[in-house]
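*Asks:* To start, I am sharing the structure in question, which I have written as structure tokens.
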Amino acid sequence: MTTVPAAAQAAVKIAVDGVGMVYGRERKVQALARVDLDIADGEFVVLLGASGCGKTTLLRIIGGLLKPTEGAIVVDRRPLWQGGKRDAAVADQIGFVFQDANLFPWMTIAENIALPLRLRGATADARRQVAGTLCAKVGISGFEDAYPRQLSGGMRQRAAIARALSYDPSILLMDEPFGALDALTREQMNLELQRIWLANRGTVVLVTHSIAEAIFLADRIVVLTPRPGKIETIVPVGFPRPRTMAIQREQAFHELQDRLRDLLGVSDHVD
Amino acid sequence: MSTRGNLLTWITTPLLLLVFFVCWDVYVSAFQVSRFVLPPPLEVLKAFWGLLIEASTWRHAAVTVYETLFGFVLATVFGVGLGALLAKVPLLERVLSPFIIATQVVPKVALIPLFILWFGFGPTSKIVVAAVLAFFPIMANTLLGFKSIETGHRDVMLSLNATSGAHARFLELPASLPYIMSGMEVGIVLAIIGAVVGEYLGGNVGLGHLAVASLNSFQVDLLFATILLLTVIGFLLYLAVVGLKRWVIPWHQSSGQVV
Ligand SMILES: Nc1ncnc2c1ncn2[C@@H]1O[C@H](COP(=O)(O)OP(=O)(O)O)[C@@H](O)[C@H]1O
Ligand SMILES: [Mg+2]
């Protein structure tokens, strides 16, 4: 079922091992059923599926925000959960970006970005310096001392990405990070995310329900189907990097798009 | 926008006050109202001036302010503490909520004689009354504040592996501050009421006592002057809390500051 590119076979970064999730005690909702997936070190994996098919649930389980009712997550050969406790050393390897930027309104952008470092006991000088560097990296230089409400949605999401990168996690998990943005900003953010990832080469798992976004970003697209959520198939994407939006005009892009639409059960070709 | 609004109130407030005093004066002279019921405004102002230059007035005022602030600080410490505790331990909230509601339903002002019985005629009983009255809105708002924290914000702290101490310091407390501060705005007003009513009912110092003493000696102009002074002091204390709020949570909309 799981297919890892041959070159990456040796270095499995994240192993999703028979993960199942049942919500609720009385009224049980089975959100995931036996998901197996190996994610290679430095790979960009996209989880694609319709709303309610369990993408968020799977991502939260991978990130340790949720304990699966079945199966295990193994990061760098270490299980994420040791009994009822999350392994802190493993959790420190994971950065999370949510659909909403979730910046704290009482902190400036720089303070928000450097919050993880503050929790790790970094000095004010070190935090300030990292925040400055990261603002430049995600393209919001000059807004270090602004408050989140002074920024546009796209800029806030950039700050949220910077916050997740501030402690150099080797894994970046993103749950529809650009879902709340307009189409133009979204494409811009896709380009920038690719640039950042190409510079860092961390392992990324990104959730989306946009087929175009999935094709543009992914090394592999994991297609999920609902009730209960499970992996329908895994589609490798071969476009060379760095990719530009011009790939959307290529025949291969359209073929892939059509195939994914069929897999997701979208019969009507209107986008 | 807000500066123009401020400018407007700077003009309208004195104007409306002037209109109020003129109506008052006209009413008193036109209907020949007895001085023992409603003295004309000029006489009240004269008595107010007399009150201001009288040294003993400030002793009374100091006592009232002391009781109010002491009670208010106690209410804030216990209100925020208990509110946070109830928010952190939902079981405790469920167990205690019938009792908390019960203490709210009891007309607390009716308990003042009891407080005087327990804590004496000195300032202690007034401090307790002020604290008891101011406590509830502060506690309730703190609880509400902790409960209103966005799940997304909690997720951030969870994903960062934050300790519960870091959780409280970097998320829960700052996120609840706007709520706590609104509770304190209500609390300071109730604390003043508590202290003054306490003074009405027992003891021989404080502006509340001064008001009752003026009434008993039929110095109605002095009574009005005392009420005026209490209003001014109450207003200043309220403004102090509002100022504190702007200083503590400049990032919040309710602070009305465009950064
Ligand atoms: N906290 C929860 N309690 C109960 N059911 C939930 C909870 N979160 C999600 N679900 C259910 O699990 C399923 C998958 O949800 P989710 O992972 O959010 O899907 P997606 O992110 O793909 O839209 C849905 O049917 C949803 O109703
Ligand atoms: Mg989701």
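Residues are named by chain letter and number: chains run A, B, ... in the order of the structure tokens, numbers start at 1 in each chain, and ligands are numbered from 1 in the order shown.
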From a DSSP calculation on the backbone, collect every residue of range 66-179 of chain A in helix (DSSP H, G or I) and output the set as a count of residues only.
*Replies:* 45
*Asks:* Could you give me, as an mmCIF file with all heavy atoms, in the first residue's frame, the residues within 12 Å of Gly202 in chain A, counting only C-alpha atoms and dropping anything in the same chain fewer than 5 positions from it?
*Replies:*
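Result file part_25.cif:
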```cif
data_model
loop_
_atom_site.group_PDB
_atom_site.id
_atom_site.type_symbol
_atom_site.label_atom_id
_atom_site.label_comp_id
_atom_site.auth_asym_id
_atom_site.auth_seq_id
_atom_site.Cartn_x
_atom_site.Cartn_y
_atom_site.Cartn_z
ATOM 1 N N LYS A 13 11.363 9.100 7.892
ATOM 2 C CA LYS A 13 11.314 10.126 8.936
ATOM 3 C C LYS A 13 10.134 9.872 9.873
ATOM 4 O O LYS A 13 10.276 9.845 11.087
ATOM 5 C CB LYS A 13 11.190 11.503 8.273
ATOM 6 C CG LYS A 13 11.208 12.666 9.240
ATOM 7 C CD LYS A 13 12.613 12.881 9.777
ATOM 8 C CE LYS A 13 12.625 13.977 10.825
ATOM 9 N NZ LYS A 13 13.934 14.118 11.443
ATOM 10 N N ILE A 14 8.961 9.700 9.241
ATOM 11 C CA ILE A 14 7.754 9.479 10.032
ATOM 12 C C ILE A 14 7.093 8.184 9.568
ATOM 13 O O ILE A 14 6.848 8.018 8.380
ATOM 14 C CB ILE A 14 6.732 10.620 9.844
ATOM 15 C CG1 ILE A 14 7.383 11.988 10.078
ATOM 16 C CG2 ILE A 14 5.518 10.430 10.753
ATOM 17 C CD1 ILE A 14 6.532 13.155 9.612
ATOM 18 N N ILE A 39 6.791 8.272 5.595
ATOM 19 C CA ILE A 39 7.182 9.549 5.004
ATOM 20 C C ILE A 39 8.694 9.660 5.105
ATOM 21 O O ILE A 39 9.268 9.502 6.192
ATOM 22 C CB ILE A 39 6.477 10.708 5.726
ATOM 23 C CG1 ILE A 39 4.952 10.591 5.525
ATOM 24 C CG2 ILE A 39 6.991 12.057 5.213
ATOM 25 C CD1 ILE A 39 4.134 11.485 6.410
ATOM 26 N N ALA A 40 9.320 9.908 3.950
ATOM 27 C CA ALA A 40 10.792 9.927 3.910
ATOM 28 C C ALA A 40 11.333 11.249 4.440
ATOM 29 O O ALA A 40 10.649 12.269 4.424
ATOM 30 C CB ALA A 40 11.270 9.706 2.486
ATOM 31 N N ASP A 41 12.580 11.207 4.888
ATOM 32 C CA ASP A 41 13.247 12.411 5.366
ATOM 33 C C ASP A 41 13.365 13.405 4.210
ATOM 34 O O ASP A 41 13.794 13.044 3.116
ATOM 35 C CB ASP A 41 14.649 12.023 5.878
ATOM 36 C CG ASP A 41 15.249 13.115 6.740
ATOM 37 O OD1 ASP A 41 14.521 14.094 7.040
ATOM 38 O OD2 ASP A 41 16.415 12.990 7.109
ATOM 39 N N GLY A 42 12.938 14.638 4.428
ATOM 40 C CA GLY A 42 13.040 15.673 3.407
ATOM 41 C C GLY A 42 11.949 15.631 2.358
ATOM 42 O O GLY A 42 11.994 16.358 1.364
ATOM 43 N N GLU A 43 10.956 14.796 2.591
ATOM 44 C CA GLU A 43 9.889 14.659 1.608
ATOM 45 C C GLU A 43 8.776 15.684 1.858
ATOM 46 O O GLU A 43 8.551 16.116 2.989
ATOM 47 C CB GLU A 43 9.313 13.245 1.697
ATOM 48 C CG GLU A 43 8.463 12.866 0.500
ATOM 49 C CD GLU A 43 7.854 11.461 0.620
ATOM 50 O OE1 GLU A 43 7.921 10.860 1.711
ATOM 51 O OE2 GLU A 43 7.305 10.996 -0.377
ATOM 52 N N PHE A 44 8.121 16.096 0.773
ATOM 53 C CA PHE A 44 6.961 16.978 0.886
ATOM 54 C C PHE A 44 5.725 16.154 0.539
ATOM 55 O O PHE A 44 5.494 15.818 -0.613
ATOM 56 C CB PHE A 44 7.092 18.164 -0.078
ATOM 57 C CG PHE A 44 6.228 19.343 0.287
ATOM 58 C CD1 PHE A 44 6.782 20.610 0.437
ATOM 59 C CD2 PHE A 44 4.860 19.193 0.492
ATOM 60 C CE1 PHE A 44 5.996 21.704 0.782
ATOM 61 C CE2 PHE A 44 4.069 20.276 0.835
ATOM 62 C CZ PHE A 44 4.636 21.543 0.984
ATOM 63 N N VAL A 45 4.947 15.818 1.574
ATOM 64 C CA VAL A 45 3.764 14.988 1.379
ATOM 65 C C VAL A 45 2.517 15.843 1.562
ATOM 66 O O VAL A 45 2.444 16.652 2.488
ATOM 67 C CB VAL A 45 3.744 13.813 2.382
ATOM 68 C CG1 VAL A 45 2.391 13.119 2.392
ATOM 69 C CG2 VAL A 45 4.852 12.822 2.045
ATOM 70 N N GLN A 93 10.739 18.152 17.662
ATOM 71 C CA GLN A 93 11.148 18.069 16.266
ATOM 72 C C GLN A 93 10.047 18.512 15.313
ATOM 73 O O GLN A 93 10.243 18.540 14.112
ATOM 74 C CB GLN A 93 11.515 16.605 15.936
ATOM 75 C CG GLN A 93 12.840 16.167 16.511
ATOM 76 C CD GLN A 93 13.948 17.066 16.005
ATOM 77 O OE1 GLN A 93 14.142 17.202 14.807
ATOM 78 N NE2 GLN A 93 14.643 17.716 16.930
ATOM 79 N N ILE A 94 8.867 18.813 15.884
ATOM 80 C CA ILE A 94 7.697 19.049 15.045
ATOM 81 C C ILE A 94 7.219 20.493 15.149
ATOM 82 O O ILE A 94 7.042 21.021 16.245
ATOM 83 C CB ILE A 94 6.553 18.089 15.469
ATOM 84 C CG1 ILE A 94 7.018 16.631 15.300
ATOM 85 C CG2 ILE A 94 5.306 18.361 14.641
ATOM 86 C CD1 ILE A 94 6.051 15.627 15.874
ATOM 87 N N GLY A 95 7.039 21.131 13.996
ATOM 88 C CA GLY A 95 6.443 22.462 13.954
ATOM 89 C C GLY A 95 5.050 22.362 13.351
ATOM 90 O O GLY A 95 4.825 21.581 12.427
ATOM 91 N N LEU A 165 8.910 27.748 12.299
ATOM 92 C CA LEU A 165 10.288 27.478 11.867
ATOM 93 C C LEU A 165 11.314 27.920 12.896
ATOM 94 O O LEU A 165 12.482 27.551 12.821
ATOM 95 C CB LEU A 165 10.578 28.211 10.544
ATOM 96 C CG LEU A 165 9.802 27.766 9.311
ATOM 97 C CD1 LEU A 165 10.134 28.679 8.130
ATOM 98 C CD2 LEU A 165 10.126 26.319 8.956
ATOM 99 N N ASP A 168 13.690 25.521 14.434
ATOM 100 C CA ASP A 168 14.310 24.581 13.508
ATOM 101 C C ASP A 168 13.802 23.157 13.629
ATOM 102 O O ASP A 168 14.601 22.214 13.754
ATOM 103 C CB ASP A 168 15.835 24.562 13.726
ATOM 104 C CG ASP A 168 16.535 25.426 12.703
ATOM 105 O OD1 ASP A 168 16.000 25.525 11.580
ATOM 106 O OD2 ASP A 168 17.596 25.986 13.031
ATOM 107 N N PRO A 169 12.502 22.949 13.563
ATOM 108 C CA PRO A 169 12.013 21.577 13.646
ATOM 109 C C PRO A 169 12.367 20.853 12.354
ATOM 110 O O PRO A 169 12.453 21.487 11.302
ATOM 111 C CB PRO A 169 10.503 21.748 13.784
ATOM 112 C CG PRO A 169 10.211 23.041 13.103
ATOM 113 C CD PRO A 169 11.412 23.911 13.305
ATOM 114 N N SER A 170 12.577 19.552 12.435
ATOM 115 C CA SER A 170 12.908 18.829 11.203
ATOM 116 C C SER A 170 11.635 18.418 10.457
ATOM 117 O O SER A 170 11.695 17.973 9.327
ATOM 118 C CB SER A 170 13.760 17.602 11.538
ATOM 119 O OG SER A 170 13.085 16.789 12.464
ATOM 120 N N ILE A 171 10.485 18.592 11.151
ATOM 121 C CA ILE A 171 9.209 18.242 10.528
ATOM 122 C C ILE A 171 8.268 19.445 10.617
ATOM 123 O O ILE A 171 8.124 20.053 11.678
ATOM 124 C CB ILE A 171 8.553 17.053 11.252
ATOM 125 C CG1 ILE A 171 9.443 15.810 11.145
ATOM 126 C CG2 ILE A 171 7.167 16.762 10.685
ATOM 127 C CD1 ILE A 171 8.985 14.681 12.056
ATOM 128 N N LEU A 172 7.629 19.792 9.479
ATOM 129 C CA LEU A 172 6.666 20.874 9.486
ATOM 130 C C LEU A 172 5.306 20.316 9.073
ATOM 131 O O LEU A 172 5.175 19.725 8.004
ATOM 132 C CB LEU A 172 7.116 21.975 8.506
ATOM 133 C CG LEU A 172 6.373 23.307 8.557
ATOM 134 C CD1 LEU A 172 6.484 23.946 9.930
ATOM 135 C CD2 LEU A 172 6.933 24.244 7.482
ATOM 136 N N LEU A 173 4.328 20.468 9.947
ATOM 137 C CA LEU A 173 2.985 19.974 9.651
ATOM 138 C C LEU A 173 2.065 21.176 9.423
ATOM 139 O O LEU A 173 2.033 22.100 10.230
ATOM 140 C CB LEU A 173 2.453 19.136 10.821
ATOM 141 C CG LEU A 173 3.343 17.976 11.268
ATOM 142 C CD1 LEU A 173 2.699 17.236 12.442
ATOM 143 C CD2 LEU A 173 3.600 17.024 10.110
ATOM 144 N N LEU A 193 6.324 29.053 -0.019
ATOM 145 C CA LEU A 193 6.510 27.865 0.816
ATOM 146 C C LEU A 193 7.499 26.917 0.144
ATOM 147 O O LEU A 193 8.377 26.353 0.797
ATOM 148 C CB LEU A 193 5.166 27.161 1.050
ATOM 149 C CG LEU A 193 5.247 25.864 1.846
ATOM 150 C CD1 LEU A 193 5.847 26.122 3.224
ATOM 151 C CD2 LEU A 193 3.864 25.235 1.988
ATOM 152 N N GLN A 194 7.358 26.778 -1.196
ATOM 153 C CA GLN A 194 8.301 25.921 -1.917
ATOM 154 C C GLN A 194 9.724 26.451 -1.771
ATOM 155 O O GLN A 194 10.663 25.699 -1.519
ATOM 156 C CB GLN A 194 7.930 25.851 -3.403
ATOM 157 C CG GLN A 194 8.945 25.058 -4.205
ATOM 158 C CD GLN A 194 8.650 25.059 -5.694
ATOM 159 O OE1 GLN A 194 8.418 24.023 -6.280
ATOM 160 N NE2 GLN A 194 8.642 26.246 -6.284
ATOM 161 N N ARG A 195 9.877 27.769 -1.901
ATOM 162 C CA ARG A 195 11.211 28.387 -1.778
ATOM 163 C C ARG A 195 11.797 28.091 -0.383
ATOM 164 O O ARG A 195 12.946 27.645 -0.260
ATOM 165 C CB ARG A 195 11.073 29.898 -1.981
ATOM 166 C CG ARG A 195 12.381 30.664 -1.793
ATOM 167 C CD ARG A 195 12.222 32.155 -2.098
ATOM 168 N NE ARG A 195 11.200 32.826 -1.298
ATOM 169 C CZ ARG A 195 11.351 33.149 -0.018
ATOM 170 N NH1 ARG A 195 12.463 32.840 0.612
ATOM 171 N NH2 ARG A 195 10.380 33.757 0.637
ATOM 172 N N ILE A 196 10.999 28.305 0.656
ATOM 173 C CA ILE A 196 11.476 28.073 2.027
ATOM 174 C C ILE A 196 11.861 26.609 2.217
ATOM 175 O O ILE A 196 12.902 26.276 2.781
ATOM 176 C CB ILE A 196 10.392 28.489 3.043
ATOM 177 C CG1 ILE A 196 10.218 30.012 3.029
ATOM 178 C CG2 ILE A 196 10.734 28.001 4.450
ATOM 179 C CD1 ILE A 196 8.962 30.483 3.731
ATOM 180 N N TRP A 197 11.001 25.737 1.689
ATOM 181 C CA TRP A 197 11.252 24.304 1.876
ATOM 182 C C TRP A 197 12.504 23.870 1.127
ATOM 183 O O TRP A 197 13.312 23.084 1.633
ATOM 184 C CB TRP A 197 10.033 23.505 1.404
ATOM 185 C CG TRP A 197 10.258 22.024 1.408
ATOM 186 C CD1 TRP A 197 10.368 21.217 2.499
ATOM 187 C CD2 TRP A 197 10.415 21.190 0.262
ATOM 188 N NE1 TRP A 197 10.582 19.923 2.111
ATOM 189 C CE2 TRP A 197 10.613 19.883 0.736
ATOM 190 C CE3 TRP A 197 10.391 21.413 -1.116
ATOM 191 C CZ2 TRP A 197 10.786 18.799 -0.117
ATOM 192 C CZ3 TRP A 197 10.568 20.339 -1.968
ATOM 193 C CH2 TRP A 197 10.765 19.056 -1.466
#
```
*Asks:* Kindly compile the residues surrounding ligand 2 within 8 Å, counting only C-alpha atoms and all ligand atoms, and format them as a list of chain:residue names.
*Replies:*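 Protein and nucleic-acid residues within 8 Å of ligand 2: A:Ser51, A:Gly52, A:Gly54, A:Lys55, A:Thr56, A:Thr57, A:Asp175, A:Glu176, A:Val207.
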*Asks:* Restricting it to N, CA, C and O atoms, dump the selection as an mmCIF file, in the first residue's frame.
*Replies:*
```cif
data_model
loop_
_atom_site.group_PDB
_atom_site.id
_atom_site.type_symbol
_atom_site.label_atom_id
_atom_site.label_comp_id
_atom_site.auth_asym_id
_atom_site.auth_seq_id
_atom_site.Cartn_x
_atom_site.Cartn_y
_atom_site.Cartn_z
ATOM 1 N N SER A 51 -13.748 17.583 2.611
ATOM 2 C CA SER A 51 -13.980 17.943 4.012
ATOM 3 C C SER A 51 -14.549 16.761 4.781
ATOM 4 O O SER A 51 -15.386 16.028 4.270
ATOM 5 N N GLY A 52 -14.050 16.566 5.981
ATOM 6 C CA GLY A 52 -14.607 15.538 6.855
ATOM 7 C C GLY A 52 -14.032 14.160 6.646
ATOM 8 O O GLY A 52 -14.502 13.188 7.230
ATOM 9 N N GLY A 54 -11.047 13.216 7.446
ATOM 10 C CA GLY A 54 -10.088 12.849 8.488
ATOM 11 C C GLY A 54 -8.692 13.409 8.315
ATOM 12 O O GLY A 54 -7.761 12.970 8.986
ATOM 13 N N LYS A 55 -8.528 14.417 7.431
ATOM 14 C CA LYS A 55 -7.195 14.989 7.194
ATOM 15 C C LYS A 55 -6.645 15.639 8.454
ATOM 16 O O LYS A 55 -5.510 15.383 8.852
ATOM 17 N N THR A 56 -7.478 16.487 9.071
ATOM 18 C CA THR A 56 -7.033 17.178 10.284
ATOM 19 C C THR A 56 -6.727 16.171 11.385
ATOM 20 O O THR A 56 -5.711 16.274 12.076
ATOM 21 N N THR A 57 -7.588 15.192 11.521
ATOM 22 C CA THR A 57 -7.384 14.164 12.536
ATOM 23 C C THR A 57 -6.043 13.469 12.343
ATOM 24 O O THR A 57 -5.255 13.343 13.286
ATOM 25 N N ASP A 175 -1.887 22.430 8.389
ATOM 26 C CA ASP A 175 -3.291 22.058 8.188
ATOM 27 C C ASP A 175 -4.018 23.158 7.419
ATOM 28 O O ASP A 175 -4.380 24.180 7.997
ATOM 29 N N GLU A 176 -4.217 22.940 6.129
ATOM 30 C CA GLU A 176 -4.832 23.938 5.257
ATOM 31 C C GLU A 176 -4.345 25.338 5.588
ATOM 32 O O GLU A 176 -5.137 26.234 5.887
ATOM 33 N N VAL A 207 -1.845 19.569 4.601
ATOM 34 C CA VAL A 207 -3.217 19.163 4.336
ATOM 35 C C VAL A 207 -3.880 20.204 3.449
ATOM 36 O O VAL A 207 -3.714 21.403 3.651
#
```
*Asks:* Please determine, counting only C-alpha atoms and all ligand atoms, which residue among B:Leu8, B:Thr151, B:Ile138, B:Glu199 has the shortest atom-to-atom distance to ligand 1.
*Replies:*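 The shortest atom-to-atom distance to ligand 1 comes from B:Thr151.
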*Asks:* For chain B against chain A, which residues fall within 6 Å using only C-alpha atoms, given as a list in words?
*Replies:*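 Selected residues: Gly152, His153 and Trp251 of chain B.
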*Asks:* Need the shell around range 169-176 of chain B: protein/DNA/RNA residues with any atom at most 9 Å away, counting only C-alpha atoms. Skip same-chain ones fewer than 2 positions apart. Format as a list in words?
*Replies:*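 Here the answer would be Phe104, Pro105, Trp106 and Leu115 of chain A; Ala84, Asn141, Thr142, Leu143, Leu144, Gly145, Phe146, Lys147, Ser148, Ile149, Glu150, His153, Arg154, Met157, Ser164, Gly165, Ala166, His167, Pro178, Tyr179, Ile180, Met181 and Ile249 of chain B.
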*Asks:* Just want the 9 Å neighbourhood of Arg243 in chain A, counted on only C-alpha atoms, with same-chain residues fewer than 3 positions away dropped. Output as a ChimeraX atom specification.
*Replies:* /A:191,194,216-217,239-240,246-247
*Asks:* The selected residues should be written to file as a PDB file, in the first residue's frame (atoms: all heavy atoms).
*Replies:*
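Below you can see again_27.pdb, which holds the result:
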```
ATOM      1  N   LEU A 191       4.209  29.459  -3.753  1.00  0.00           N
ATOM      2  CA  LEU A 191       5.553  29.680  -4.298  1.00  0.00           C
ATOM      3  C   LEU A 191       6.553  29.901  -3.169  1.00  0.00           C
ATOM      4  O   LEU A 191       7.654  29.343  -3.177  1.00  0.00           O
ATOM      5  CB  LEU A 191       5.540  30.907  -5.219  1.00  0.00           C
ATOM      6  CG  LEU A 191       4.969  30.663  -6.619  1.00  0.00           C
ATOM      7  CD1 LEU A 191       4.632  31.986  -7.294  1.00  0.00           C
ATOM      8  CD2 LEU A 191       5.984  29.886  -7.457  1.00  0.00           C
ATOM      9  N   GLN A 194       7.358  26.778  -1.196  1.00  0.00           N
ATOM     10  CA  GLN A 194       8.301  25.921  -1.917  1.00  0.00           C
ATOM     11  C   GLN A 194       9.724  26.451  -1.771  1.00  0.00           C
ATOM     12  O   GLN A 194      10.663  25.699  -1.519  1.00  0.00           O
ATOM     13  CB  GLN A 194       7.930  25.851  -3.403  1.00  0.00           C
ATOM     14  CG  GLN A 194       8.945  25.058  -4.205  1.00  0.00           C
ATOM     15  CD  GLN A 194       8.650  25.059  -5.694  1.00  0.00           C
ATOM     16  OE1 GLN A 194       8.418  24.023  -6.280  1.00  0.00           O
ATOM     17  NE2 GLN A 194       8.642  26.246  -6.284  1.00  0.00           N
ATOM     18  N   PHE A 216       0.996  21.266  -7.109  1.00  0.00           N
ATOM     19  CA  PHE A 216       2.097  22.223  -7.153  1.00  0.00           C
ATOM     20  C   PHE A 216       3.154  21.913  -6.094  1.00  0.00           C
ATOM     21  O   PHE A 216       4.345  22.008  -6.341  1.00  0.00           O
ATOM     22  CB  PHE A 216       1.569  23.654  -6.967  1.00  0.00           C
ATOM     23  CG  PHE A 216       2.669  24.665  -7.016  1.00  0.00           C
ATOM     24  CD1 PHE A 216       3.204  25.071  -8.241  1.00  0.00           C
ATOM     25  CD2 PHE A 216       3.208  25.192  -5.851  1.00  0.00           C
ATOM     26  CE1 PHE A 216       4.247  25.981  -8.300  1.00  0.00           C
ATOM     27  CE2 PHE A 216       4.262  26.101  -5.902  1.00  0.00           C
ATOM     28  CZ  PHE A 216       4.780  26.503  -7.123  1.00  0.00           C
ATOM     29  N   LEU A 217       2.698  21.515  -4.883  1.00  0.00           N
ATOM     30  CA  LEU A 217       3.630  21.400  -3.768  1.00  0.00           C
ATOM     31  C   LEU A 217       4.215  20.013  -3.554  1.00  0.00           C
ATOM     32  O   LEU A 217       5.342  19.868  -3.094  1.00  0.00           O
ATOM     33  CB  LEU A 217       2.937  21.854  -2.469  1.00  0.00           C
ATOM     34  CG  LEU A 217       2.672  23.357  -2.335  1.00  0.00           C
ATOM     35  CD1 LEU A 217       1.758  23.624  -1.143  1.00  0.00           C
ATOM     36  CD2 LEU A 217       3.983  24.127  -2.191  1.00  0.00           C
ATOM     37  N   PHE A 239       6.961  16.625 -11.292  1.00  0.00           N
ATOM     38  CA  PHE A 239       7.474  17.882 -11.858  1.00  0.00           C
ATOM     39  C   PHE A 239       8.776  18.279 -11.176  1.00  0.00           C
ATOM     40  O   PHE A 239       8.863  18.220  -9.933  1.00  0.00           O
ATOM     41  CB  PHE A 239       6.447  19.009 -11.682  1.00  0.00           C
ATOM     42  CG  PHE A 239       5.185  18.785 -12.460  1.00  0.00           C
ATOM     43  CD1 PHE A 239       4.017  18.401 -11.813  1.00  0.00           C
ATOM     44  CD2 PHE A 239       5.179  18.947 -13.845  1.00  0.00           C
ATOM     45  CE1 PHE A 239       2.859  18.189 -12.535  1.00  0.00           C
ATOM     46  CE2 PHE A 239       4.013  18.733 -14.563  1.00  0.00           C
ATOM     47  CZ  PHE A 239       2.846  18.347 -13.910  1.00  0.00           C
ATOM     48  N   PRO A 240       9.785  18.684 -11.988  1.00  0.00           N
ATOM     49  CA  PRO A 240      11.063  19.086 -11.381  1.00  0.00           C
ATOM     50  C   PRO A 240      10.917  20.383 -10.574  1.00  0.00           C
ATOM     51  O   PRO A 240       9.991  21.156 -10.812  1.00  0.00           O
ATOM     52  CB  PRO A 240      11.980  19.305 -12.597  1.00  0.00           C
ATOM     53  CG  PRO A 240      11.060  19.592 -13.733  1.00  0.00           C
ATOM     54  CD  PRO A 240       9.801  18.824 -13.460  1.00  0.00           C
ATOM     55  N   ALA A 246       3.623  27.975 -14.006  1.00  0.00           N
ATOM     56  CA  ALA A 246       3.508  27.597 -15.418  1.00  0.00           C
ATOM     57  C   ALA A 246       3.202  26.111 -15.593  1.00  0.00           C
ATOM     58  O   ALA A 246       2.665  25.703 -16.620  1.00  0.00           O
ATOM     59  CB  ALA A 246       4.798  27.960 -16.154  1.00  0.00           C
ATOM     60  N   ILE A 247       3.505  25.286 -14.574  1.00  0.00           N
ATOM     61  CA  ILE A 247       3.206  23.849 -14.724  1.00  0.00           C
ATOM     62  C   ILE A 247       1.713  23.627 -14.905  1.00  0.00           C
ATOM     63  O   ILE A 247       1.284  22.603 -15.430  1.00  0.00           O
ATOM     64  CB  ILE A 247       3.716  23.001 -13.529  1.00  0.00           C
ATOM     65  CG1 ILE A 247       2.991  23.354 -12.238  1.00  0.00           C
ATOM     66  CG2 ILE A 247       5.224  23.082 -13.379  1.00  0.00           C
ATOM     67  CD1 ILE A 247       3.196  22.331 -11.124  1.00  0.00           C
TER      68      ILE A 247
END
```
*Asks:* Any residue with an atom at most 10 Å from ligand 1 counts, using only C-alpha atoms and all ligand atoms. Which are they? Put them as a ChimeraX atom specification.
*Replies:* /A:21-25,27-32,47-61,66,175-176,207-209,224-229
*Asks:* I want to know what sits within 12 Å of Val186 in chain B, based on only C-alpha atoms, with residues of the same chain fewer than 2 positions away left out; could you give that as an MDAnalysis selection string?
*Replies:* chainID B and resid 72 75:76 133:141 179:184 188:193 234 237:239 241:242
*Asks:* Within 12 Å of Ala15 in chain A, counting only C-alpha atoms, which residues show up once you throw out same-chain ones fewer than 6 positions away? Write them as a ChimeraX atom specification, please.
*Replies:* /A:2,4,9,35-41,61-63,71-80
*Asks:* Can you list, as a list in words, every protein, DNA or RNA residue that comes within 12 Å of Phe36 in chain B when you count only C-alpha atoms, leaving out same-chain residues fewer than 4 positions away?
*Replies:*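 Contacts, with the query itself left out: Val28, Gln32, Pro40, Glu43, Val44, Ser214, Leu215, Asn216, Ser217, Phe218, Gln219, Val220, Asp221, Leu222, Leu223 and Phe224 of chain B.
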*Asks:* Distance CA of Thr231 in chain B-CA of Leu51 in chain B, one decimal place?
*Replies:*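 Pair CA of Thr231 in chain B / CA of Leu51 in chain B returns 14.0 Å.
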*Asks:* What's the separation between CA of Ile221 in chain A and CA of Leu206 in chain A, in Å to one decimal place?
*Replies:* 9.6 Å
*Asks:* Please report the interatomic distance between CA of Ser210 in chain A and CA of Pro236 in chain A in Å with one decimal.
*Replies:* 16.2 Å
